[in-house]
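Printed here is my_file.csv (CSV, C-alpha atoms):
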```csv
chain,number,residue,atom,x,y,z
A,1,MET,CA,107.2,118.0,106.7
A,2,THR,CA,109.6,116.9,109.5
A,3,GLY,CA,109.6,113.2,110.2
A,4,LEU,CA,109.6,112.4,106.6
A,5,ASN,CA,110.3,108.7,106.0
A,6,ILE,CA,112.5,108.4,102.8
A,7,LYS,CA,114.9,106.0,101.0
A,8,ILE,CA,117.9,107.8,99.5
A,9,CYS,CA,120.6,106.4,97.2
A,10,LEU,CA,123.9,108.1,97.7
A,11,TRP,CA,126.0,107.8,94.5
A,12,TYR,CA,129.7,108.1,94.7
A,13,MET,CA,129.7,110.1,97.9
A,14,ASN,CA,132.9,110.7,99.8
A,15,PRO,CA,132.7,109.7,103.5
A,16,SER,CA,132.9,113.3,104.9
A,17,LEU,CA,130.2,114.6,102.6
A,18,ARG,CA,128.0,111.5,103.4
A,19,SER,CA,128.5,112.2,107.1
A,20,ARG,CA,127.4,115.8,106.7
A,21,ILE,CA,124.3,114.7,104.7
A,22,GLN,CA,123.3,112.2,107.4
A,23,GLU,CA,123.8,114.8,110.1
A,24,ILE,CA,121.6,117.3,108.3
A,25,PHE,CA,118.8,114.7,107.9
A,26,SER,CA,119.0,113.6,111.5
A,27,GLU,CA,118.8,117.2,112.8
A,28,GLU,CA,115.5,117.5,110.8
A,29,ASP,CA,114.1,114.3,112.3
A,30,PHE,CA,114.0,112.5,108.9
A,31,GLN,CA,113.7,108.8,109.0
A,32,VAL,CA,116.2,108.0,106.2
A,33,SER,CA,117.5,104.6,105.0
A,34,TYR,CA,120.5,104.9,102.7
A,35,CYS,CA,121.8,102.8,99.9
A,36,GLU,CA,125.4,103.7,99.2
A,37,CYS,CA,126.7,102.9,95.7
A,38,ARG,CA,130.1,103.3,94.1
A,39,THR,CA,129.9,100.8,91.3
A,40,PRO,CA,127.4,100.4,88.4
A,41,ASP,CA,126.4,97.0,89.6
A,42,LYS,CA,125.6,98.2,93.1
A,43,LEU,CA,123.7,101.1,91.6
A,44,SER,CA,121.5,98.9,89.4
A,45,GLY,CA,120.9,96.6,92.4
A,46,CYS,CA,119.9,99.5,94.6
A,47,MET,CA,117.5,100.8,92.0
A,48,ILE,CA,115.8,97.4,91.8
A,49,LYS,CA,116.1,96.0,95.3
A,50,GLU,CA,115.9,99.2,97.4
A,51,ALA,CA,113.6,101.3,95.1
A,52,PRO,CA,114.9,104.6,96.5
A,53,ASP,CA,112.7,107.7,96.7
A,54,LEU,CA,115.6,109.9,95.4
A,55,VAL,CA,119.2,109.9,94.5
A,56,ILE,CA,121.8,112.3,95.7
A,57,ALA,CA,125.0,112.3,93.7
A,58,ASP,CA,128.3,114.2,93.8
A,59,TYR,CA,128.5,116.3,90.7
A,60,ASP,CA,132.2,116.9,91.2
A,61,ALA,CA,133.0,113.2,90.6
A,62,SER,CA,134.5,112.5,87.3
A,63,GLU,CA,132.5,112.8,84.1
A,64,LYS,CA,132.7,109.0,83.7
A,65,VAL,CA,131.0,108.6,87.1
A,66,ARG,CA,128.4,111.2,86.3
A,67,LYS,CA,127.6,109.4,83.0
A,68,ILE,CA,127.0,106.1,85.0
A,69,ILE,CA,124.3,107.7,87.1
A,70,ASP,CA,122.8,109.6,84.2
A,71,ASP,CA,122.6,106.4,82.1
A,72,GLU,CA,121.1,104.4,85.0
A,73,LEU,CA,118.5,107.1,85.8
A,74,GLU,CA,117.7,108.2,82.2
A,75,SER,CA,114.5,106.2,82.0
A,76,ARG,CA,113.5,107.1,85.5
A,77,TYR,CA,114.1,110.9,85.5
A,78,ALA,CA,110.3,111.6,85.4
A,79,GLU,CA,109.7,109.9,88.7
A,80,LEU,CA,113.0,109.4,90.5
A,81,PRO,CA,114.6,112.7,91.6
A,82,LEU,CA,118.3,113.2,91.2
A,83,ILE,CA,119.9,115.9,93.2
A,84,TYR,CA,123.5,116.8,92.5
A,85,LEU,CA,125.8,118.3,95.1
A,86,VAL,CA,128.2,120.7,93.5
A,87,GLU,CA,131.2,122.9,94.5
A,88,ALA,CA,130.6,126.6,94.0
A,89,SER,CA,133.3,126.6,91.3
A,90,GLY,CA,131.4,124.0,89.2
A,91,ILE,CA,128.0,125.6,89.5
A,92,ARG,CA,128.0,126.9,85.9
A,93,ASP,CA,128.8,123.5,84.4
A,94,ALA,CA,126.1,122.0,86.6
A,95,TYR,CA,123.5,124.5,85.4
A,96,ALA,CA,124.4,123.7,81.8
A,97,THR,CA,123.6,120.0,82.5
A,98,ILE,CA,120.3,120.6,84.3
A,99,LYS,CA,118.6,120.2,80.9
A,100,ALA,CA,119.6,116.6,80.9
A,101,GLY,CA,116.9,115.9,83.4
A,102,PHE,CA,118.2,115.9,86.9
A,103,TRP,CA,115.9,117.7,89.4
A,104,ASP,CA,118.0,120.0,91.4
A,105,MET,CA,121.5,120.9,92.6
A,106,VAL,CA,122.7,122.1,96.0
A,107,GLN,CA,126.1,123.7,96.6
A,108,LYS,CA,128.2,121.7,99.0
A,109,ASP,CA,128.9,124.8,101.1
A,110,GLN,CA,125.1,125.3,101.5
A,111,LEU,CA,124.0,121.8,102.4
A,112,PHE,CA,121.3,123.3,104.6
A,113,LYS,CA,119.4,123.9,101.3
A,114,LEU,CA,119.3,120.1,100.8
A,115,ILE,CA,116.3,119.7,103.2
A,116,PRO,CA,113.9,121.9,101.1
A,117,SER,CA,115.3,120.4,97.9
A,118,VAL,CA,114.6,116.9,99.1
A,119,GLN,CA,111.1,117.8,100.4
A,120,SER,CA,110.2,119.5,97.2
A,121,ALA,CA,111.6,116.6,95.0
A,122,HIS,CA,109.9,114.0,97.1
A,123,ARG,CA,106.5,115.8,97.0
A,124,TYR,CA,106.7,116.4,93.3
A,125,ALA,CA,107.8,112.8,92.5
A,126,ARG,CA,104.9,111.5,94.6
A,127,MET,CA,102.5,113.7,92.6
A,128,LEU,CA,103.9,112.4,89.3
A,129,ARG,CA,103.6,108.8,90.5
A,130,GLN,CA,100.0,109.4,91.6
A,131,SER,CA,99.2,111.0,88.2
A,132,ARG,CA,100.8,108.1,86.3
A,133,GLU,CA,98.8,105.6,88.5
A,134,THR,CA,95.6,107.5,87.9
A,135,GLU,CA,96.2,107.6,84.1
A,136,GLU,CA,96.9,103.8,84.1
A,137,ALA,CA,93.7,103.2,86.1
A,138,LEU,CA,91.8,105.3,83.6
A,139,THR,CA,93.3,103.4,80.7
A,140,GLU,CA,92.4,100.1,82.3
A,141,SER,CA,88.9,101.2,83.0
A,142,ARG,CA,88.4,102.3,79.3
A,143,GLU,CA,89.8,99.0,78.1
A,144,ARG,CA,87.3,97.1,80.4
A,145,PHE,CA,84.4,99.2,79.2
A,146,ARG,CA,85.4,98.7,75.5
A,147,ALA,CA,85.8,94.9,76.0
A,148,LEU,CA,82.3,94.7,77.7
A,149,ALA,CA,80.7,96.9,75.1
A,150,GLU,CA,82.2,95.3,72.1
A,151,ASN,CA,81.3,91.8,73.3
A,152,SER,CA,77.8,92.6,74.5
A,153,LEU,CA,74.8,91.1,72.6
A,154,ASP,CA,72.9,94.3,73.3
A,155,VAL,CA,73.2,97.7,71.6
A,156,ILE,CA,75.3,100.1,73.7
A,157,MET,CA,75.5,103.8,72.9
A,158,ARG,CA,77.1,106.7,74.7
A,159,PHE,CA,76.1,110.3,74.2
A,160,ASP,CA,77.7,113.6,75.0
A,161,ARG,CA,75.9,116.5,76.7
A,162,ASP,CA,74.4,117.7,73.4
A,163,HIS,CA,72.9,114.2,72.9
A,164,ARG,CA,75.3,113.3,70.1
A,165,HIS,CA,76.5,109.7,69.8
A,166,VAL,CA,80.1,109.4,71.0
A,167,TYR,CA,80.2,105.6,71.0
A,168,VAL,CA,78.1,102.9,69.4
A,169,ASN,CA,79.0,99.2,69.5
A,170,ARG,CA,79.0,96.8,66.5
A,171,VAL,CA,75.7,95.1,67.5
A,172,VAL,CA,73.8,98.1,66.3
A,173,GLU,CA,74.6,97.1,62.7
A,174,SER,CA,73.4,93.5,63.1
A,175,GLN,CA,70.2,94.7,64.7
A,176,SER,CA,69.4,97.8,62.5
A,177,GLY,CA,71.5,97.3,59.4
A,178,ILE,CA,73.1,100.8,60.0
A,179,ALA,CA,76.9,101.0,60.4
A,180,PRO,CA,78.0,102.3,63.9
A,181,SER,CA,80.0,105.1,62.2
A,182,SER,CA,76.8,106.5,60.8
A,183,PHE,CA,75.6,107.3,64.3
A,184,LEU,CA,78.7,109.0,65.5
A,185,ASN,CA,78.5,112.8,66.2
A,186,LYS,CA,74.8,112.8,65.3
```
Representation of the structure as structure tokens:
Amino acid sequence: MTGLNIKICLWYMNPSLRSRIQEIFSEEDFQVSYCECRTPDKLSGCMIKEAPDLVIADYDASEKVRKIIDDELESRYAELPLIYLVEASGIRDAYATIKAGFWDMVQKDQLFKLIPSVQSAHRYARMLRQSRETEEALTESRERFRALAENSLDVIMRFDRDHRHVYVNRVVESQSGIAPSSFLNK
């Protein structure tokens, strides 16, 4: 998956760590655009304006700084990967917080593991977005069908494979005198 084109938000990253990250991505031929944030306002703006594919944050920043990123991403955890970079000494604490919803962590002394972590998170987030979009399209299609069927002047019925009624519109009652519910599952 070399040559991946990706937008990354770097949250509260010190300059030397940021340089190491950029170097790793350039070695792998990634096309990366970065949004660097150190304030809550900049972070919120980046989430809206830049729409990053993932966020990389320094777990070893203060708890207050971690809380800012957690609060900002809480509603987005399902689709926006958060990867924490952590010192080896803080790995136990980081594992304890993985239940909060961030996607992965990479030890700072093993940044070569960042590439597979980013690839995996990007691929999984894309699958989740596609699944959500498919579900939204299906819901919209069902709503359109229901609107057409409920407003039709003709009787409309749907049957399952065993020829039982699974849907009957209201027109059947005006034309037959039998309530639609009487047809269902028969």
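Close contacts of Pro116 in chain A, defined as residues with an atom at most 12 Å away when counting all atoms listed in the file, with chain neighbours fewer than 4 positions off set aside, comprise Met1, Thr2, Leu4, Ile24, Phe25, Glu28, Ile83, Asp104, Met105, Val106, Gln110, Leu111, Phe112, Ser120, Ala121, His122, Arg123 and Tyr124 of chain A.
Comparing A:Asn5, A:Ser16, A:Gln130, A:Asn151 by their smallest distance to Asp29 in chain A, the closest is A:Asn5 (using all atoms listed in the file).
Using only C-alpha atoms, the shortest contact distance between Glu87 in chain A and any of A:Cys46, A:Glu74, A:Glu135, A:Leu17 is found at A:Leu17.
Of the residues listed (A:Ile56, A:Val118, A:Leu80, A:Leu43), A:Leu43 shows the shortest atom-to-atom separation from Ile68 in chain A; distances use all atoms listed in the file.
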Could you name the residues that touch Val55 in chain A at 8 Å or less, counting all atoms listed in the file, but leaving out those on the same chain fewer than 2 positions away, as a CSV table (one decimal) with C-alpha atoms, in the coordinates of the input?
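Below you can see around-v2.csv, which holds the result:
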```
chain,number,residue,atom,x,y,z
A,8,ILE,CA,117.9,107.8,99.5
A,9,CYS,CA,120.6,106.4,97.2
A,10,LEU,CA,123.9,108.1,97.7
A,11,TRP,CA,126.0,107.8,94.5
A,52,PRO,CA,114.9,104.6,96.5
A,53,ASP,CA,112.7,107.7,96.7
A,57,ALA,CA,125.0,112.3,93.7
A,80,LEU,CA,113.0,109.4,90.5
A,81,PRO,CA,114.6,112.7,91.6
A,82,LEU,CA,118.3,113.2,91.2
A,83,ILE,CA,119.9,115.9,93.2
```
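Going from CA of Asn14 in chain A to CA of Cys35 in chain A covers 13.6 Å.
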